[in-house]
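K.L.:
Enclosed is the structure file entry-v7.pdb (PDB, C-alpha atoms).
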MODEL        1
ATOM      1  CA  MET A 194    -106.401-130.868 -61.052
ATOM      2  CA  PRO A 195    -105.965-133.342 -58.187
ATOM      3  CA  ASN A 196    -105.715-131.991 -54.660
ATOM      4  CA  TYR A 197    -102.300-133.427 -53.864
ATOM      5  CA  GLU A 198    -102.405-132.294 -50.239
ATOM      6  CA  LYS A 199    -105.602-134.303 -49.698
ATOM      7  CA  LEU A 200    -104.120-137.309 -51.512
ATOM      8  CA  TYR A 201    -100.947-137.070 -49.448
ATOM      9  CA  HIS A 202    -102.937-137.110 -46.215
ATOM     10  CA  LEU A 203    -105.033-140.016 -47.460
ATOM     11  CA  MET A 204    -101.964-142.130 -48.203
ATOM     12  CA  VAL A 205    -100.016-141.160 -45.062
ATOM     13  CA  ASN A 206    -102.985-141.933 -42.828
ATOM     14  CA  ALA A 207    -103.445-145.260 -44.573
ATOM     15  CA  ALA A 208     -99.756-146.069 -44.133
ATOM     16  CA  GLU A 209     -99.974-145.265 -40.411
ATOM     17  CA  ASP A 210    -103.089-147.427 -40.033
ATOM     18  CA  ALA A 211    -101.424-150.258 -41.961
ATOM     19  CA  ILE A 212     -98.331-150.095 -39.751
ATOM     20  CA  LYS A 213    -100.522-150.326 -36.641
ATOM     21  CA  ALA A 214    -102.333-153.307 -38.127
ATOM     22  CA  MET A 215     -99.024-155.027 -38.921
ATOM     23  CA  GLU A 216     -97.708-154.363 -35.432
ATOM     24  CA  SER A 217    -100.705-156.233 -34.065
ATOM     25  CA  GLY A 218    -100.104-159.090 -36.525
ATOM     26  CA  SER A 219    -102.985-158.235 -38.852
ATOM     27  CA  PHE A 220    -101.198-158.314 -42.191
ATOM     28  CA  TRP A 221    -104.369-159.008 -44.192
ATOM     29  CA  GLU A 222    -106.001-155.910 -42.676
ATOM     30  CA  ALA A 223    -102.892-153.848 -43.443
ATOM     31  CA  LYS A 224    -103.007-154.976 -47.054
ATOM     32  CA  GLN A 225    -106.693-154.075 -47.335
ATOM     33  CA  ILE A 226    -106.097-150.630 -45.804
ATOM     34  CA  LEU A 227    -103.405-149.878 -48.370
ATOM     35  CA  ILE A 228    -105.398-151.233 -51.311
ATOM     36  CA  THR A 229    -108.435-149.170 -50.311
ATOM     37  CA  ALA A 230    -106.359-146.010 -49.975
ATOM     38  CA  GLU A 231    -104.723-146.630 -53.341
ATOM     39  CA  LEU A 232    -108.105-147.059 -55.022
ATOM     40  CA  ARG A 233    -109.507-143.929 -53.366
ATOM     41  CA  ALA A 234    -106.491-141.881 -54.450
ATOM     42  CA  GLU A 235    -106.682-143.271 -57.968
ATOM     43  CA  GLU A 236    -110.390-142.443 -58.188
ATOM     44  CA  ALA A 237    -109.704-138.903 -57.003
ATOM     45  CA  CYS A 238    -107.015-138.423 -59.673
ATOM     46  CA  VAL A 239    -108.966-139.981 -62.519
ATOM     47  CA  GLY A 240    -112.121-138.134 -61.531
ATOM     48  CA  THR A 241    -110.365-134.764 -61.630
ATOM     49  CA  GLU A 242    -108.686-135.489 -64.977
ATOM     50  CA  GLU A 243    -112.038-136.133 -66.637
ATOM     51  CA  GLU A 244    -113.537-132.869 -65.388
TER      52      GLU A 244
ENDMDL
END
Can the structure in the file be given as structure tokens, please?

P.N.:
Amino acid sequence: MPNYEKLYHLMVNAAEDAIKAMESGSFWEAKQILITAELRAEEACVGTEEE
């Protein structure tokens, strides 16, 4: 079963980092931060389902 608390923190931290990047005009970096977090969360969910 996925650890939803860990996933929540992962996504919230990524959102905060992406907002900071956007505030400094780095939209490409913000996009990459969010994509990376999404992939990490997806891997965590898929990995726990297979176990």

K.L.:
As an exercise, work out the distance from atom CA of Phe220 of chain A to atom CA of Val205 of chain A in Å and give it to one decimal place.

P.N.:
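Computing the Euclidean distance for atom CA of Phe220 of chain A and atom CA of Val205 of chain A yields 17.4 Å.
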
K.L.:
I want to know what sits within 8 Å of Ala207 of chain A, based on all atoms listed in the file, with residues of the same chain fewer than 6 positions away left out; could you give that as a list in words?

P.N.:
Ile226, Leu227 and Ala230 of chain A

K.L.:
Between A:Ile228, A:Arg233, A:Val239, A:Gly218, which is the closest to His202 of chain A once you count all atoms listed in the file?

P.N.:
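Residue with the minimum atom-to-atom distance to His202 of chain A: A:Arg233.
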
K.L.:
Calculate how many Å separate atom CA of Ala234 of chain A from atom CA of Ala208 of chain A, rounding to one decimal.

P.N.:
13.0 Å

K.L.:
Find the residues around Asn196 of chain A up to 9 Å (only C-alpha atoms counted), leave out those fewer than 3 positions away in its own chain, and share them as a ChimeraX atom specification.

P.N.:
/A:199-201,237-238,241

K.L.:
What does the distance from atom CA of Ala223 of chain A to atom CA of Asn206 of chain A come to in Å, to one decimal?

P.N.:
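Here the two named atoms are 11.9 Å from each other.
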
K.L.:
Which one is closest to Leu203 of chain A: A:Lys224, A:Gly240, A:Glu216, A:Thr229? Count only C-alpha atoms.

P.N.:
A:Thr229

K.L.:
Of the candidates A:Glu209, A:Pro195, A:Glu222, A:Ala214, which shows the shortest atom-to-atom distance to Glu235 of chain A, using only C-alpha atoms?

P.N.:
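The shortest atom-to-atom distance to Glu235 of chain A comes from A:Pro195.
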